[in-house]
Each structure stands twice: as structure tokens, then as C-alpha cells.
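Student: Please find one structure pasted underneath; my questions will follow.
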Amino acid sequence: MHMKQEIFSRIEAIQGDITRMEVDAIVNAANTSLLGGGGVDGAIHRAAGPELLAECRTIGGCPTGEARITKGYKLPARFVIHTVGPVYGGRPGDAELLAGCYSNSLQLAADNYVKTIAFPAVSCGVYGYPVKAACRIAVDTTIEFLAAHNFPVKVSFIQFSMKNLKIYQDYLTAISRIK
């Protein structure tokens, strides 16, 4: 199979609830404290149970753009990879930090032989990152990583809204034709 097609066969964008995904790891769009918050972060903590918070307390936070891994506890996923996206401010460094969220999460997944991983739209909620720009960074960073690594085998971008799902699907379709 052509290299490009092989990589695209490892990526999907789907609609769903990340806390119910039956994958090896889900990615949590966390804050720097790692102690839970609103949005997807709060939902993941509620679904995983109090043990997740207890483990997060032992980590000592996580800087923006980096990632940390914990067990999944009551989630269907074996692991939660917590990454801290940038609060969008239109700064040149925002894109670099967001790309770091994806590459660092994928590296942790590879290090732990995670076959399947699901990402939310990191930084696109209360952190205000424009979805189209964030989608390009997420997908491009993932393609670059997958080209050099066997793990993860499958990367899912889980979108809660149909509007965001369409942005991801349109971008994947467009680049699968040109790259």
C-alpha cells in the first residue's frame, strides 16, 4: 500500500462521547493543575471516578503543550493521556504549543504501546482556539508522527458537534487527495 494511504487509513474523525470510547487511551484536554475542570476534562473525571483525581494529584501538574499519562480507572479506556492546550490569544506560539499537545500525547501513546487513541478537539472549547486552525494542526501533527511510528495504530478525532466533525472530515478529505 502507498505510504500516504497507509497513514490515512490510521486516522478517522467521528462524532461521539470520548468518555465512552472503547480505545486503549483517550486524551483529556486538561488544565495545568490536572485536577479536573469543565468541559471534556470534567466529563472524563466524572466517568473515571475519584481514583483518577487521586492519581493526578501525585503528578504535580503539567505545563502547556506537554502531556502526562494515568490509568483509566472506570473508563472503557485503559489509559488517560492528559494534555494542556494553549488558551488561544492569536500569538505565534499558540500553534507550536497546540502541536506539542498532539505530538507529546502520541509519543506517550507509542511509549506505552497504545494501539488505539481518541483525541478531543484540544483547546477548542473554553480555551477558544478556532476549530479550523486547530484541526489543521491536530491532523498535520498526527500524520507527521504516524509516518515515523508504528504506534498508535489508529487515531480517532472525536467530535461532539456535527459542525466540528464536518470541519475535520472536510480537511482529511482535502489533504488525502494532495499529500
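Convention: chains lettered A, B, ... in C-alpha cells order; per-chain residue numbering from 1; ligands numbered from 1 as shown.
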Can you list every residue in stretch 37-127 of chain A that DSSP puts in strand (DSSP E), as an mmCIF file with all heavy atoms, in the first residue's frame?

Tutor:
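Writing done, so here's result.cif:
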data_model
loop_
_atom_site.group_PDB
_atom_site.id
_atom_site.type_symbol
_atom_site.label_atom_id
_atom_site.label_comp_id
_atom_site.auth_asym_id
_atom_site.auth_seq_id
_atom_site.Cartn_x
_atom_site.Cartn_y
_atom_site.Cartn_z
ATOM 1 N N ALA A 67 2.292 16.531 27.984
ATOM 2 C CA ALA A 67 1.280 15.512 28.265
ATOM 3 C C ALA A 67 1.760 14.593 29.381
ATOM 4 O O ALA A 67 2.963 14.424 29.574
ATOM 5 C CB ALA A 67 0.995 14.704 26.997
ATOM 6 N N ARG A 68 0.800 14.010 30.114
ATOM 7 C CA ARG A 68 1.084 13.054 31.184
ATOM 8 C C ARG A 68 0.089 11.899 31.041
ATOM 9 O O ARG A 68 -1.043 12.116 30.617
ATOM 10 C CB ARG A 68 0.903 13.711 32.561
ATOM 11 C CG ARG A 68 1.785 14.931 32.825
ATOM 12 C CD ARG A 68 3.254 14.572 32.981
ATOM 13 N NE ARG A 68 4.074 15.736 33.328
ATOM 14 C CZ ARG A 68 4.722 16.489 32.451
ATOM 15 N NH1 ARG A 68 4.626 16.242 31.149
ATOM 16 N NH2 ARG A 68 5.470 17.511 32.856
ATOM 17 N N ILE A 69 0.500 10.706 31.473
ATOM 18 C CA ILE A 69 -0.364 9.532 31.318
ATOM 19 C C ILE A 69 -0.769 8.979 32.680
ATOM 20 O O ILE A 69 0.040 8.970 33.614
ATOM 21 C CB ILE A 69 0.326 8.460 30.437
ATOM 22 C CG1 ILE A 69 -0.647 7.344 30.036
ATOM 23 C CG2 ILE A 69 1.587 7.914 31.102
ATOM 24 C CD1 ILE A 69 -0.145 6.449 28.909
ATOM 25 N N THR A 70 -2.041 8.577 32.792
ATOM 26 C CA THR A 70 -2.542 7.919 34.006
ATOM 27 C C THR A 70 -3.354 6.706 33.573
ATOM 28 O O THR A 70 -3.642 6.525 32.395
ATOM 29 C CB THR A 70 -3.477 8.841 34.826
ATOM 30 O OG1 THR A 70 -4.640 9.144 34.029
ATOM 31 C CG2 THR A 70 -2.800 10.118 35.265
ATOM 32 N N LYS A 71 -3.772 5.924 34.556
ATOM 33 C CA LYS A 71 -4.699 4.825 34.281
ATOM 34 C C LYS A 71 -6.082 5.398 33.966
ATOM 35 O O LYS A 71 -6.380 6.550 34.270
ATOM 36 C CB LYS A 71 -4.776 3.898 35.493
ATOM 37 C CG LYS A 71 -3.503 3.095 35.687
ATOM 38 C CD LYS A 71 -3.762 1.968 36.673
ATOM 39 C CE LYS A 71 -2.778 1.980 37.750
ATOM 40 N NZ LYS A 71 -2.872 1.994 39.074
ATOM 41 N N PHE A 79 -5.977 3.841 29.514
ATOM 42 C CA PHE A 79 -5.186 4.999 29.905
ATOM 43 C C PHE A 79 -5.927 6.299 29.599
ATOM 44 O O PHE A 79 -6.715 6.360 28.665
ATOM 45 C CB PHE A 79 -3.868 5.071 29.103
ATOM 46 C CG PHE A 79 -2.929 3.923 29.325
ATOM 47 C CD1 PHE A 79 -2.722 2.991 28.310
ATOM 48 C CD2 PHE A 79 -2.227 3.774 30.513
ATOM 49 C CE1 PHE A 79 -1.829 1.934 28.481
ATOM 50 C CE2 PHE A 79 -1.338 2.724 30.696
ATOM 51 C CZ PHE A 79 -1.139 1.793 29.680
ATOM 52 N N VAL A 80 -5.582 7.330 30.373
ATOM 53 C CA VAL A 80 -5.954 8.701 30.017
ATOM 54 C C VAL A 80 -4.645 9.451 29.826
ATOM 55 O O VAL A 80 -3.768 9.428 30.698
ATOM 56 C CB VAL A 80 -6.798 9.392 31.111
ATOM 57 C CG1 VAL A 80 -7.123 10.835 30.691
ATOM 58 C CG2 VAL A 80 -8.086 8.613 31.384
ATOM 59 N N ILE A 81 -4.494 10.077 28.677
ATOM 60 C CA ILE A 81 -3.341 10.943 28.431
ATOM 61 C C ILE A 81 -3.842 12.372 28.566
ATOM 62 O O ILE A 81 -4.741 12.795 27.847
ATOM 63 C CB ILE A 81 -2.722 10.674 27.046
ATOM 64 C CG1 ILE A 81 -2.150 9.244 27.021
ATOM 65 C CG2 ILE A 81 -1.643 11.717 26.728
ATOM 66 C CD1 ILE A 81 -1.632 8.784 25.672
ATOM 67 N N HIS A 82 -3.302 13.073 29.563
ATOM 68 C CA HIS A 82 -3.754 14.430 29.862
ATOM 69 C C HIS A 82 -2.822 15.401 29.151
ATOM 70 O O HIS A 82 -1.605 15.332 29.325
ATOM 71 C CB HIS A 82 -3.670 14.687 31.379
ATOM 72 C CG HIS A 82 -4.393 13.650 32.189
ATOM 73 N ND1 HIS A 82 -5.660 13.842 32.675
ATOM 74 C CD2 HIS A 82 -4.006 12.407 32.590
ATOM 75 C CE1 HIS A 82 -6.031 12.750 33.345
ATOM 76 N NE2 HIS A 82 -5.052 11.871 33.297
ATOM 77 N N THR A 83 -3.389 16.292 28.351
ATOM 78 C CA THR A 83 -2.563 17.300 27.701
ATOM 79 C C THR A 83 -3.175 18.666 27.934
ATOM 80 O O THR A 83 -4.399 18.790 28.056
ATOM 81 C CB THR A 83 -2.372 17.001 26.200
ATOM 82 O OG1 THR A 83 -1.343 17.855 25.681
ATOM 83 C CG2 THR A 83 -3.648 17.202 25.383
ATOM 84 N N VAL A 84 -2.317 19.669 28.015
ATOM 85 C CA VAL A 84 -2.787 21.021 28.332
ATOM 86 C C VAL A 84 -2.613 21.899 27.102
ATOM 87 O O VAL A 84 -1.487 22.208 26.705
ATOM 88 C CB VAL A 84 -2.003 21.607 29.530
ATOM 89 C CG1 VAL A 84 -2.528 22.999 29.874
ATOM 90 C CG2 VAL A 84 -2.104 20.671 30.740
ATOM 91 N N THR A 116 -4.811 2.096 20.028
ATOM 92 C CA THR A 116 -5.908 2.973 19.615
ATOM 93 C C THR A 116 -6.020 4.141 20.588
ATOM 94 O O THR A 116 -5.984 3.960 21.805
ATOM 95 C CB THR A 116 -7.241 2.188 19.575
ATOM 96 O OG1 THR A 116 -7.424 1.519 20.832
ATOM 97 C CG2 THR A 116 -7.231 1.149 18.454
ATOM 98 N N ILE A 117 -6.148 5.327 20.029
ATOM 99 C CA ILE A 117 -6.204 6.541 20.849
ATOM 100 C C ILE A 117 -7.270 7.477 20.290
ATOM 101 O O ILE A 117 -7.467 7.551 19.070
ATOM 102 C CB ILE A 117 -4.820 7.240 20.895
ATOM 103 C CG1 ILE A 117 -4.815 8.439 21.865
ATOM 104 C CG2 ILE A 117 -4.347 7.650 19.500
ATOM 105 C CD1 ILE A 117 -3.420 9.014 22.117
ATOM 106 N N ALA A 118 -7.973 8.147 21.195
ATOM 107 C CA ALA A 118 -9.002 9.103 20.788
ATOM 108 C C ALA A 118 -8.683 10.478 21.359
ATOM 109 O O ALA A 118 -8.419 10.611 22.557
ATOM 110 C CB ALA A 118 -10.377 8.638 21.278
ATOM 111 N N PHE A 119 -8.700 11.469 20.477
ATOM 112 C CA PHE A 119 -8.446 12.862 20.864
ATOM 113 C C PHE A 119 -9.737 13.673 20.812
ATOM 114 O O PHE A 119 -10.492 13.560 19.845
ATOM 115 C CB PHE A 119 -7.507 13.540 19.855
ATOM 116 C CG PHE A 119 -6.054 13.244 20.030
ATOM 117 C CD1 PHE A 119 -5.457 12.221 19.298
ATOM 118 C CD2 PHE A 119 -5.264 13.994 20.891
ATOM 119 C CE1 PHE A 119 -4.096 11.956 19.427
ATOM 120 C CE2 PHE A 119 -3.902 13.731 21.028
ATOM 121 C CZ PHE A 119 -3.318 12.708 20.295
#

Student: Select from stretch 105-175 of chain A everything DSSP, run on the backbone, classes as helix (DSSP H, G or I), then give the selection as a PyMOL selection string.

Tutor: chain A and resi 105-111+131-148+162-175

Student: Got a sec: who's within 12 Å of A:Thr173, counting only C-alpha atoms, leaving out chain neighbours fewer than 6 positions off, as a ChimeraX atom specification?

Tutor: /A:5,8-9,11-13,139,166-167,179

Student: With all heavy atoms kept, could you save the residues just selected as a tab-separated table (two decimals), in the first residue's frame?

Tutor:
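Wrote it out as part29.tsv, contents follow:
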chain	number	residue	atom	x	y	z
A	5	GLN	N	-1.61	6.45	1.76
A	5	GLN	CA	-2.89	5.77	2.02
A	5	GLN	C	-2.83	5.01	3.34
A	5	GLN	O	-3.79	4.96	4.08
A	5	GLN	CB	-3.26	4.81	0.89
A	5	GLN	CG	-3.72	5.46	-0.41
A	5	GLN	CD	-4.23	6.88	-0.32
A	5	GLN	OE1	-3.55	7.83	-0.71
A	5	GLN	NE2	-5.43	7.07	0.20
A	8	PHE	N	-3.33	7.48	6.11
A	8	PHE	CA	-4.72	7.95	6.17
A	8	PHE	C	-5.67	6.86	6.66
A	8	PHE	O	-6.69	7.16	7.29
A	8	PHE	CB	-5.19	8.54	4.83
A	8	PHE	CG	-4.72	9.95	4.66
A	8	PHE	CD1	-3.64	10.25	3.85
A	8	PHE	CD2	-5.34	10.99	5.35
A	8	PHE	CE1	-3.19	11.56	3.72
A	8	PHE	CE2	-4.88	12.30	5.24
A	8	PHE	CZ	-3.81	12.58	4.42
A	9	SER	N	-5.32	5.60	6.43
A	9	SER	CA	-6.16	4.51	6.92
A	9	SER	C	-6.08	4.39	8.44
A	9	SER	O	-6.89	3.73	9.06
A	9	SER	CB	-5.75	3.18	6.26
A	9	SER	OG	-4.52	2.73	6.79
A	11	ILE	N	-6.27	7.06	10.49
A	11	ILE	CA	-6.88	8.26	11.07
A	11	ILE	C	-8.36	8.31	10.74
A	11	ILE	O	-8.76	8.00	9.61
A	11	ILE	CB	-6.22	9.54	10.49
A	11	ILE	CG1	-4.72	9.56	10.81
A	11	ILE	CG2	-6.88	10.80	11.05
A	11	ILE	CD1	-3.99	10.73	10.17
A	12	GLU	N	-9.17	8.70	11.72
A	12	GLU	CA	-10.60	8.90	11.44
A	12	GLU	C	-11.11	10.07	12.27
A	12	GLU	O	-10.54	10.40	13.32
A	12	GLU	CB	-11.41	7.64	11.77
A	12	GLU	CG	-11.40	7.28	13.24
A	12	GLU	CD	-12.25	6.07	13.60
A	12	GLU	OE1	-12.87	5.47	12.70
A	12	GLU	OE2	-12.30	5.73	14.80
A	13	ALA	N	-12.18	10.68	11.78
A	13	ALA	CA	-12.89	11.70	12.55
A	13	ALA	C	-14.31	11.18	12.72
A	13	ALA	O	-14.96	10.84	11.73
A	13	ALA	CB	-12.90	13.03	11.81
A	139	VAL	N	-4.36	17.37	12.77
A	139	VAL	CA	-4.22	16.37	11.71
A	139	VAL	C	-2.80	16.35	11.15
A	139	VAL	O	-2.19	15.28	11.00
A	139	VAL	CB	-5.27	16.61	10.60
A	139	VAL	CG1	-5.03	15.70	9.41
A	139	VAL	CG2	-6.69	16.39	11.16
A	166	LYS	N	-17.65	17.95	10.73
A	166	LYS	CA	-17.57	18.25	9.30
A	166	LYS	C	-16.26	18.97	8.95
A	166	LYS	O	-15.65	18.69	7.91
A	166	LYS	CB	-18.78	19.11	8.87
A	166	LYS	CG	-18.84	19.31	7.36
A	166	LYS	CD	-20.15	19.88	6.90
A	166	LYS	CE	-20.18	20.27	5.44
A	166	LYS	NZ	-19.04	19.90	4.60
A	167	ILE	N	-15.79	19.86	9.82
A	167	ILE	CA	-14.52	20.55	9.60
A	167	ILE	C	-13.38	19.53	9.49
A	167	ILE	O	-12.56	19.58	8.58
A	167	ILE	CB	-14.25	21.58	10.72
A	167	ILE	CG1	-15.23	22.76	10.58
A	167	ILE	CG2	-12.80	22.07	10.68
A	167	ILE	CD1	-15.25	23.72	11.76
A	179	LYS	N	-1.60	15.20	-0.52
A	179	LYS	CA	-0.28	14.88	0.05
A	179	LYS	C	0.37	13.69	-0.62
A	179	LYS	O	-0.25	12.69	-0.87
A	179	LYS	CB	-0.39	14.67	1.55
A	179	LYS	CG	-0.48	16.02	2.23
A	179	LYS	CD	0.00	15.96	3.65
A	179	LYS	CE	0.15	17.37	4.16
A	179	LYS	NZ	-0.15	17.57	5.52

Student: Set the distance at 9 Å and use only C-alpha atoms: which residues neighbour stretch 33-38 of chain A once local chain neighbours fewer than 6 positions away are removed? I'd like the list as an mmCIF file with C-alpha atoms, in the first residue's frame.

Tutor:
data_model
loop_
_atom_site.group_PDB
_atom_site.id
_atom_site.type_symbol
_atom_site.label_atom_id
_atom_site.label_comp_id
_atom_site.auth_asym_id
_atom_site.auth_seq_id
_atom_site.Cartn_x
_atom_site.Cartn_y
_atom_site.Cartn_z
ATOM 1 C CA ILE A 44 -13.621 12.394 31.908
ATOM 2 C CA HIS A 45 -13.022 12.809 35.650
ATOM 3 C CA LEU A 53 -8.121 12.611 40.556
ATOM 4 C CA ALA A 54 -6.108 10.836 43.262
ATOM 5 C CA CYS A 56 -3.446 13.166 39.062
ATOM 6 C CA ARG A 57 -2.672 14.705 42.475
ATOM 7 C CA ILE A 59 1.775 14.071 39.199
ATOM 8 C CA GLY A 60 2.189 17.700 40.171
ATOM 9 C CA GLY A 61 0.550 19.330 37.174
ATOM 10 C CA CYS A 62 1.527 19.598 33.536
ATOM 11 C CA PRO A 63 2.874 22.573 31.556
ATOM 12 C CA HIS A 82 -3.754 14.430 29.862
ATOM 13 C CA THR A 83 -2.563 17.300 27.701
ATOM 14 C CA VAL A 84 -2.787 21.021 28.332
ATOM 15 C CA VAL A 126 -13.403 27.406 26.631
#

Student: As an exercise, work out the distance from atom CA of A:His149 to atom CA of A:Pro130 in Å and give it to one decimal place.

Tutor: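 These two atoms are separated by 28.4 Å.
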